[in-house]
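> Dropping in data.pdb, with PDB, C-alpha atoms and all ligand atoms.
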ATOM      1  CA  MET Q   1     101.000  79.964   4.781  1.00  0.00           C
ATOM      2  CA  LYS Q   2      99.749  83.296   6.048  1.00  0.00           C
ATOM      3  CA  THR Q   3     101.238  85.708   8.566  1.00  0.00           C
ATOM      4  CA  LEU Q   4      99.521  88.537  10.421  1.00  0.00           C
ATOM      5  CA  ILE Q   5     101.557  91.262  12.175  1.00  0.00           C
ATOM      6  CA  ILE Q   6      99.448  93.022  14.823  1.00  0.00           C
ATOM      7  CA  TYR Q   7     100.907  96.210  16.238  1.00  0.00           C
ATOM      8  CA  MET Q   8     100.442  99.634  17.745  1.00  0.00           C
ATOM      9  CA  SER Q   9     102.665 102.637  17.070  1.00  0.00           C
ATOM     10  CA  THR Q  10     102.441 105.970  18.902  1.00  0.00           C
ATOM     11  CA  HIS Q  11     104.733 108.081  16.684  1.00  0.00           C
ATOM     12  CA  GLY Q  12     105.244 105.810  13.664  1.00  0.00           C
ATOM     13  CA  CYS Q  13     108.516 104.064  14.493  1.00  0.00           C
ATOM     14  CA  THR Q  14     106.929 100.671  15.207  1.00  0.00           C
ATOM     15  CA  GLU Q  15     105.003 101.031  11.950  1.00  0.00           C
ATOM     16  CA  GLN Q  16     108.304 101.467  10.063  1.00  0.00           C
ATOM     17  CA  VAL Q  17     109.675  98.387  11.817  1.00  0.00           C
ATOM     18  CA  VAL Q  18     106.518  96.425  10.938  1.00  0.00           C
ATOM     19  CA  ASN Q  19     106.931  97.344   7.256  1.00  0.00           C
ATOM     20  CA  GLU Q  20     110.534  96.162   7.375  1.00  0.00           C
ATOM     21  CA  LEU Q  21     109.443  92.895   9.029  1.00  0.00           C
ATOM     22  CA  ALA Q  22     106.706  92.391   6.438  1.00  0.00           C
ATOM     23  CA  THR Q  23     109.219  92.790   3.616  1.00  0.00           C
ATOM     24  CA  ALA Q  24     111.788  90.466   5.187  1.00  0.00           C
ATOM     25  CA  LEU Q  25     109.445  87.598   6.168  1.00  0.00           C
ATOM     26  CA  HIS Q  26     108.704  84.776   3.747  1.00  0.00           C
ATOM     27  CA  GLY Q  27     105.183  84.134   2.504  1.00  0.00           C
ATOM     28  CA  ASP Q  28     101.958  86.108   2.496  1.00  0.00           C
ATOM     29  CA  VAL Q  29     102.174  88.847   5.171  1.00  0.00           C
ATOM     30  CA  THR Q  30      99.335  91.145   6.294  1.00  0.00           C
ATOM     31  CA  THR Q  31      99.666  93.935   8.876  1.00  0.00           C
ATOM     32  CA  HIS Q  32      97.009  95.219  11.270  1.00  0.00           C
ATOM     33  CA  ASN Q  33      97.298  98.413  13.334  1.00  0.00           C
ATOM     34  CA  LEU Q  34      95.259  98.065  16.537  1.00  0.00           C
ATOM     35  CA  LYS Q  35      94.247 101.726  16.126  1.00  0.00           C
ATOM     36  CA  ALA Q  36      91.790 100.488  13.484  1.00  0.00           C
ATOM     37  CA  LYS Q  37      88.175 100.023  14.578  1.00  0.00           C
ATOM     38  CA  ASN Q  38      87.796  96.497  13.227  1.00  0.00           C
ATOM     39  CA  GLU Q  39      89.273  93.546  15.104  1.00  0.00           C
ATOM     40  CA  PRO Q  40      91.724  91.350  13.217  1.00  0.00           C
ATOM     41  CA  ASP Q  41      90.409  87.840  12.534  1.00  0.00           C
ATOM     42  CA  ILE Q  42      93.358  85.715  13.576  1.00  0.00           C
ATOM     43  CA  LYS Q  43      91.691  82.409  12.626  1.00  0.00           C
ATOM     44  CA  ALA Q  44      92.836  82.742   9.028  1.00  0.00           C
ATOM     45  CA  TYR Q  45      96.555  82.973   9.927  1.00  0.00           C
ATOM     46  CA  GLU Q  46      99.045  80.285  10.947  1.00  0.00           C
ATOM     47  CA  ARG Q  47     101.681  82.768  12.070  1.00  0.00           C
ATOM     48  CA  ILE Q  48     101.011  85.799  14.294  1.00  0.00           C
ATOM     49  CA  ILE Q  49     103.564  88.452  15.257  1.00  0.00           C
ATOM     50  CA  ILE Q  50     102.611  90.996  17.931  1.00  0.00           C
ATOM     51  CA  GLY Q  51     104.485  94.178  18.784  1.00  0.00           C
ATOM     52  CA  GLY Q  52     104.294  97.694  20.127  1.00  0.00           C
ATOM     53  CA  SER Q  53     106.432 100.444  21.579  1.00  0.00           C
ATOM     54  CA  ILE Q  54     107.354 101.243  25.162  1.00  0.00           C
ATOM     55  CA  HIS Q  55     106.375 104.549  26.771  1.00  0.00           C
ATOM     56  CA  ALA Q  56     107.101 105.139  30.462  1.00  0.00           C
ATOM     57  CA  GLY Q  57     107.936 101.454  30.829  1.00  0.00           C
ATOM     58  CA  GLN Q  58     104.686 100.110  29.303  1.00  0.00           C
ATOM     59  CA  ILE Q  59     103.568  98.752  25.954  1.00  0.00           C
ATOM     60  CA  GLN Q  60     100.347 100.287  24.559  1.00  0.00           C
ATOM     61  CA  ARG Q  61      97.184  99.300  26.455  1.00  0.00           C
ATOM     62  CA  LYS Q  62      95.495  98.002  23.278  1.00  0.00           C
ATOM     63  CA  VAL Q  63      98.367  95.559  22.700  1.00  0.00           C
ATOM     64  CA  ARG Q  64      98.084  94.285  26.283  1.00  0.00           C
ATOM     65  CA  GLU Q  65      94.294  93.937  25.983  1.00  0.00           C
ATOM     66  CA  PHE Q  66      94.554  92.138  22.644  1.00  0.00           C
ATOM     67  CA  CYS Q  67      97.048  89.645  24.103  1.00  0.00           C
ATOM     68  CA  THR Q  68      94.916  88.966  27.165  1.00  0.00           C
ATOM     69  CA  ASN Q  69      91.697  88.546  25.170  1.00  0.00           C
ATOM     70  CA  LYS Q  70      93.234  86.211  22.576  1.00  0.00           C
ATOM     71  CA  LEU Q  71      95.469  84.201  24.892  1.00  0.00           C
ATOM     72  CA  GLU Q  72      93.814  80.836  24.178  1.00  0.00           C
ATOM     73  CA  GLN Q  73      93.697  81.262  20.392  1.00  0.00           C
ATOM     74  CA  LEU Q  74      97.342  82.316  20.310  1.00  0.00           C
ATOM     75  CA  GLU Q  75      98.527  79.038  21.821  1.00  0.00           C
ATOM     76  CA  ASN Q  76      98.115  77.232  18.497  1.00  0.00           C
ATOM     77  CA  LYS Q  77      99.909  79.828  16.360  1.00  0.00           C
ATOM     78  CA  GLN Q  78     103.521  80.236  15.328  1.00  0.00           C
ATOM     79  CA  LEU Q  79     103.912  83.246  17.603  1.00  0.00           C
ATOM     80  CA  GLY Q  80     106.501  86.046  17.572  1.00  0.00           C
ATOM     81  CA  LEU Q  81     106.694  88.979  20.000  1.00  0.00           C
ATOM     82  CA  PHE Q  82     108.665  92.215  19.755  1.00  0.00           C
ATOM     83  CA  ILE Q  83     108.976  95.677  21.243  1.00  0.00           C
ATOM     84  CA  CYS Q  84     110.413  98.957  20.008  1.00  0.00           C
ATOM     85  CA  CYS Q  85     112.141 100.978  22.708  1.00  0.00           C
ATOM     86  CA  MET Q  86     115.177 103.152  23.371  1.00  0.00           C
ATOM     87  CA  TYR Q  87     116.570 101.365  26.403  1.00  0.00           C
ATOM     88  CA  GLU Q  88     119.065  98.628  25.696  1.00  0.00           C
ATOM     89  CA  GLY Q  89     120.429  95.604  27.584  1.00  0.00           C
ATOM     90  CA  GLU Q  90     118.894  94.493  30.877  1.00  0.00           C
ATOM     91  CA  GLN Q  91     116.363  97.362  31.063  1.00  0.00           C
ATOM     92  CA  ALA Q  92     115.055  96.629  27.569  1.00  0.00           C
ATOM     93  CA  PHE Q  93     114.838  92.936  28.395  1.00  0.00           C
ATOM     94  CA  HIS Q  94     112.701  93.655  31.491  1.00  0.00           C
ATOM     95  CA  GLN Q  95     110.419  95.853  29.394  1.00  0.00           C
ATOM     96  CA  LEU Q  96     109.984  92.985  26.908  1.00  0.00           C
ATOM     97  CA  GLU Q  97     109.191  90.588  29.771  1.00  0.00           C
ATOM     98  CA  ASN Q  98     106.590  92.951  31.238  1.00  0.00           C
ATOM     99  CA  ALA Q  99     104.999  93.838  27.898  1.00  0.00           C
ATOM    100  CA  PHE Q 100     103.318  90.470  27.314  1.00  0.00           C
ATOM    101  CA  PRO Q 101     101.486  87.948  29.526  1.00  0.00           C
ATOM    102  CA  GLU Q 102     103.668  85.141  30.906  1.00  0.00           C
ATOM    103  CA  LYS Q 103     101.757  82.524  28.879  1.00  0.00           C
ATOM    104  CA  LEU Q 104     102.585  84.298  25.593  1.00  0.00           C
ATOM    105  CA  HIS Q 105     106.298  84.224  26.417  1.00  0.00           C
ATOM    106  CA  GLN Q 106     105.914  80.444  26.792  1.00  0.00           C
ATOM    107  CA  TYR Q 107     104.126  80.113  23.427  1.00  0.00           C
ATOM    108  CA  ALA Q 108     106.491  82.424  21.514  1.00  0.00           C
ATOM    109  CA  LYS Q 109     108.941  80.898  19.017  1.00  0.00           C
ATOM    110  CA  ALA Q 110     110.942  84.140  18.880  1.00  0.00           C
ATOM    111  CA  GLU Q 111     111.043  87.431  20.784  1.00  0.00           C
ATOM    112  CA  ALA Q 112     112.994  90.568  19.976  1.00  0.00           C
ATOM    113  CA  ILE Q 113     113.931  94.104  20.980  1.00  0.00           C
ATOM    114  CA  LEU Q 114     114.099  96.027  17.712  1.00  0.00           C
ATOM    115  CA  GLY Q 115     115.351  99.474  18.778  1.00  0.00           C
ATOM    116  CA  GLY Q 116     113.447 102.708  18.302  1.00  0.00           C
ATOM    117  CA  GLU Q 117     113.672 106.430  17.784  1.00  0.00           C
ATOM    118  CA  PHE Q 118     113.029 109.672  19.645  1.00  0.00           C
ATOM    119  CA  ASN Q 119     111.200 111.722  17.042  1.00  0.00           C
ATOM    120  CA  PHE Q 120     111.047 115.352  18.211  1.00  0.00           C
ATOM    121  CA  GLU Q 121     108.937 116.373  15.193  1.00  0.00           C
ATOM    122  CA  LYS Q 122     106.149 114.072  16.366  1.00  0.00           C
ATOM    123  CA  MET Q 123     106.273 114.512  20.161  1.00  0.00           C
ATOM    124  CA  HIS Q 124     104.036 116.942  22.006  1.00  0.00           C
ATOM    125  CA  PHE Q 125     105.390 119.381  24.567  1.00  0.00           C
ATOM    126  CA  LEU Q 126     105.166 117.100  27.612  1.00  0.00           C
ATOM    127  CA  GLU Q 127     106.791 114.171  25.782  1.00  0.00           C
ATOM    128  CA  LYS Q 128     109.704 116.375  24.690  1.00  0.00           C
ATOM    129  CA  PHE Q 129     110.072 117.552  28.284  1.00  0.00           C
ATOM    130  CA  MET Q 130     110.112 113.949  29.593  1.00  0.00           C
ATOM    131  CA  VAL Q 131     112.611 112.744  26.992  1.00  0.00           C
ATOM    132  CA  ARG Q 132     114.950 115.699  27.655  1.00  0.00           C
ATOM    133  CA  LYS Q 133     114.727 115.167  31.418  1.00  0.00           C
ATOM    134  CA  ILE Q 134     114.853 111.362  31.636  1.00  0.00           C
ATOM    135  CA  ALA Q 135     116.788 110.243  28.547  1.00  0.00           C
ATOM    136  CA  LYS Q 136     118.883 113.459  28.301  1.00  0.00           C
ATOM    137  CA  VAL Q 137     118.197 113.575  24.567  1.00  0.00           C
ATOM    138  CA  ASP Q 138     117.161 116.857  22.916  1.00  0.00           C
ATOM    139  CA  LYS Q 139     117.032 116.070  19.223  1.00  0.00           C
ATOM    140  CA  THR Q 140     115.627 113.410  16.909  1.00  0.00           C
ATOM    141  CA  THR Q 141     117.642 110.228  17.416  1.00  0.00           C
ATOM    142  CA  ARG Q 142     117.099 107.086  15.358  1.00  0.00           C
ATOM    143  CA  ARG Q 143     118.212 103.674  16.592  1.00  0.00           C
ATOM    144  CA  ILE Q 144     116.088 101.094  14.768  1.00  0.00           C
ATOM    145  CA  ASP Q 145     118.037  97.832  15.021  1.00  0.00           C
ATOM    146  CA  HIS Q 146     117.980  96.533  11.431  1.00  0.00           C
ATOM    147  CA  GLU Q 147     120.270  93.639  12.314  1.00  0.00           C
ATOM    148  CA  ALA Q 148     117.897  92.501  15.061  1.00  0.00           C
ATOM    149  CA  ILE Q 149     115.004  92.721  12.575  1.00  0.00           C
ATOM    150  CA  GLN Q 150     116.836  90.399  10.168  1.00  0.00           C
ATOM    151  CA  HIS Q 151     117.740  88.009  12.984  1.00  0.00           C
ATOM    152  CA  PHE Q 152     114.118  87.922  14.243  1.00  0.00           C
ATOM    153  CA  THR Q 153     112.637  87.292  10.788  1.00  0.00           C
ATOM    154  CA  LYS Q 154     115.166  84.534  10.093  1.00  0.00           C
ATOM    155  CA  LYS Q 155     114.270  82.850  13.387  1.00  0.00           C
ATOM    156  CA  MET Q 156     110.538  83.130  12.648  1.00  0.00           C
ATOM    157  CA  ASP Q 157     111.022  81.733   9.143  1.00  0.00           C
ATOM    158  CA  LYS Q 158     113.052  78.779  10.450  1.00  0.00           C
ATOM    159  CA  THR Q 159     110.265  78.006  12.882  1.00  0.00           C
ATOM    160  CA  PHE Q 160     107.687  78.402  10.156  1.00  0.00           C
ATOM    161  CA  SER Q 161     109.357  76.117   7.632  1.00  0.00           C
ATOM    162  CA  PRO Q 162     112.149  73.839   8.877  1.00  0.00           C
ATOM    163  CA  PHE Q 163     113.289  73.446   5.246  1.00  0.00           C
ATOM    164  CA  LEU Q 164     114.450  77.066   5.289  1.00  0.00           C
ATOM    165  CA  MET Q 165     117.198  75.935   7.684  1.00  0.00           C
ATOM    166  CA  LEU Q 166     118.817  74.309   4.694  1.00  0.00           C
ATOM    167  CA  VAL Q 167     119.126  77.518   2.638  1.00  0.00           C
TER     168      VAL Q 167
HETATM  169  C1  LIG Z   1     107.307 110.100  26.209  1.00  0.00           C
HETATM  170  C2  LIG Z   1     108.161 108.923  25.873  1.00  0.00           C
HETATM  171  C3  LIG Z   1     108.440 107.953  26.812  1.00  0.00           C
HETATM  172  C4  LIG Z   1     109.258 106.859  26.502  1.00  0.00           C
HETATM  173  N1  LIG Z   1     109.516 105.930  27.465  1.00  0.00           N
HETATM  174  C5  LIG Z   1     110.346 104.903  27.167  1.00  0.00           C
HETATM  175  C6  LIG Z   1     110.674 103.939  28.171  1.00  0.00           C
HETATM  176  O1  LIG Z   1     110.160 103.944  29.277  1.00  0.00           O
HETATM  177  N2  LIG Z   1     111.551 102.967  27.836  1.00  0.00           N
HETATM  178  C7  LIG Z   1     112.137 102.899  26.595  1.00  0.00           C
HETATM  179  O2  LIG Z   1     112.948 102.002  26.377  1.00  0.00           O
HETATM  180  N3  LIG Z   1     111.826 103.783  25.621  1.00  0.00           N
HETATM  181  C8  LIG Z   1     110.946 104.769  25.893  1.00  0.00           C
HETATM  182  N4  LIG Z   1     110.618 105.671  24.914  1.00  0.00           N
HETATM  183  C9  LIG Z   1     111.132 105.478  23.547  1.00  0.00           C
HETATM  184  C10 LIG Z   1     110.087 104.824  22.640  1.00  0.00           C
HETATM  185  O3  LIG Z   1     109.899 103.474  22.985  1.00  0.00           O
HETATM  186  C11 LIG Z   1     110.568 104.992  21.206  1.00  0.00           C
HETATM  187  O4  LIG Z   1     110.460 106.352  20.902  1.00  0.00           O
HETATM  188  C12 LIG Z   1     109.815 104.144  20.209  1.00  0.00           C
HETATM  189  O5  LIG Z   1     110.565 104.103  19.015  1.00  0.00           O
HETATM  190  C13 LIG Z   1     108.438 104.703  19.920  1.00  0.00           C
HETATM  191  O6  LIG Z   1     107.834 103.961  18.899  1.00  0.00           O
HETATM  192  P1  LIG Z   1     106.510 104.477  18.189  1.00  0.00           P
HETATM  193  O7  LIG Z   1     106.882 105.697  17.380  1.00  0.00           O
HETATM  194  O8  LIG Z   1     106.060 103.358  17.342  1.00  0.00           O
HETATM  195  O9  LIG Z   1     105.538 104.758  19.281  1.00  0.00           O
HETATM  196  C14 LIG Z   1     109.786 106.745  25.194  1.00  0.00           C
HETATM  197  C15 LIG Z   1     109.494 107.719  24.232  1.00  0.00           C
HETATM  198  C16 LIG Z   1     108.690 108.799  24.545  1.00  0.00           C
HETATM  199  C17 LIG Z   1     108.388 109.823  23.489  1.00  0.00           C
END
Translate the structure of the given file into structure tokens.

Amino acid sequence: MKTLIIYMSTHGCTEQVVNELATALHGDVTTHNLKAKNEPDIKAYERIIIGGSIHAGQIQRKVREFCTNKLEQLENKQLGLFICCMYEGEQAFHQLENAFPEKLHQYAKAEAILGGEFNFEKMHFLEKFMVRKIAKVDKTTRRIDHEAIQHFTKKMDKTFSPFLMLV
């Protein structure tokens, strides 16, 4: 049973989360950053997890395009969706809803909001300005939700192999 995690990360936080997911999930897990030139071949995988981070309310364009282009092929996969972001509660939930096409939400076995970080070492001037002004944060702040990562991987693994419900 093979899993492919497809993602995009602007400042590296989503990449960290993807590595944590890859370690926690059962089975053979491969990761693919959509920054790469080659397209991932999803045919070879039974389980696909797609994620990205939210900037100014939107997930990365390449994630949106990938989802739209592969909509039909994704219907037959064990699908998981996640976002990294700094909003919590209702606002984060709306961002998750808007990040992926409606059809993918219907196909998904699990969806999650996995936290994020404001990394001032990696932001350029304008990003720092926006974060200070809008989020009122002026230093590196890390809020990756490790508990949510564990919960998401457990849910995906239960979907993947019903026998894991017994352990
Ligand atoms: C310029 C900027 C805009 C952001 N806008 C949002 C936002 O609209 N909503 C939100 O929840 N988080 C927002 N964030 C927080 C990011 O989602 C968070 O930093 C995330 O961990 C980034 O992941 P990445 O390093 O993989 O890109 C923003 C961060 C930056 C730097």
> For ligand LIG 1 (chain Z), collect every residue having any atom at a distance of at most 6 Å from a ligand atom (counting only C-alpha atoms and all ligand atoms); output as a ChimeraX atom specification.
/Q:9-15,53-57,84-87,92,116-118,127,130-131
> For Thr30 of chain Q, which residue among Q:Gln60, Q:Gln95, Q:Asn69, Q:Thr3 is the nearest when counting all atoms listed in the file?
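Going through Q:Gln60, Q:Gln95, Q:Asn69, Q:Thr3 one by one, the smallest distance to Thr30 of chain Q is for Q:Thr3.
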> Just give me the gap between atom CA of Asp28 of chain Q and atom CA of Ala44 of chain Q in Å, one decimal is fine.
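Rounded to one decimal, the two atoms are 11.7 Å apart.
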> May I have the protein, DNA and RNA residues with an atom at most 9 Å from (118.0, 110.3, 17.8), counting only C-alpha atoms in the file's coordinates, returned as a list in words?
Gly116, Glu117, Phe118, Asn119, Phe120, Val137, Asp138, Lys139, Thr140, Thr141, Arg142 and Arg143 of chain Q
> One decimal, in Å: what's the spacing between atom CA of Glu20 of chain Q and atom CA of Gln58 of chain Q?
23.0 Å
> If the PyMOL selection byres (((chain Q and resi 78) around 6) and not hetatm) were run on this exact file, what residues would it hold? Put them as a ChimeraX atom specification.
/Q:47,77,79
> Report as a list of chain:residue names the residues that result from applying the PyMOL selection byres (((chain Q and resi 104) around 8) and not hetatm) to the structure here.
Q:Cys67, Q:Leu71, Q:Leu74, Q:Glu75, Q:Phe100, Q:Pro101, Q:Glu102, Q:Lys103, Q:His105, Q:Gln106, Q:Tyr107, Q:Ala108
> Using all atoms listed in the file, which protein or nucleic acid residues come within 10 Å of Leu34 of chain Q? Drop anything in the same chain fewer than 4 positions from it, and give the result as a list in words.
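Result of the neighbour search: Ile6, Tyr7, Met8, Ser9, Asn38, Glu39, Pro40, Gly52, Gln60, Lys62, Val63 and Phe66 of chain Q.
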> Just how far from atom CA of Ala112 of chain Q is atom CA of Phe82 of chain Q, in Å to one decimal?
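Taking atom CA of Phe82 of chain Q and atom CA of Ala112 of chain Q, their separation equals 4.6 Å.
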> Could you work out an axis-aligned bounding box for all listed atoms of segment 57-61 of chain Q, with 4 Å added on each of the six sides, and give its centre and edge lengths in Å to one decimal, as AutoDock Vina command-line options?

--center_x 102.6 --center_y 100.1 --center_z 27.7 --size_x 18.8 --size_y 10.7 --size_z 14.3
> Write out as a list of chain:residue names each polymer residue whose atoms come within 6 Å of Ile49 of chain Q, counting all atoms listed in the file; drop sequence neighbours fewer than 6 positions from it.
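Neighbouring residues, sequence-local ones excluded: Q:Ile5, Q:Leu79, Q:Gly80, Q:Leu81.
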> Which of these, Q:Met123, Q:Glu111, Q:Lys70, Q:Ile42, has the shortest distance to Lys154 of chain Q once you count only C-alpha atoms?
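Closest to Lys154 of chain Q of all the choices is Q:Glu111.
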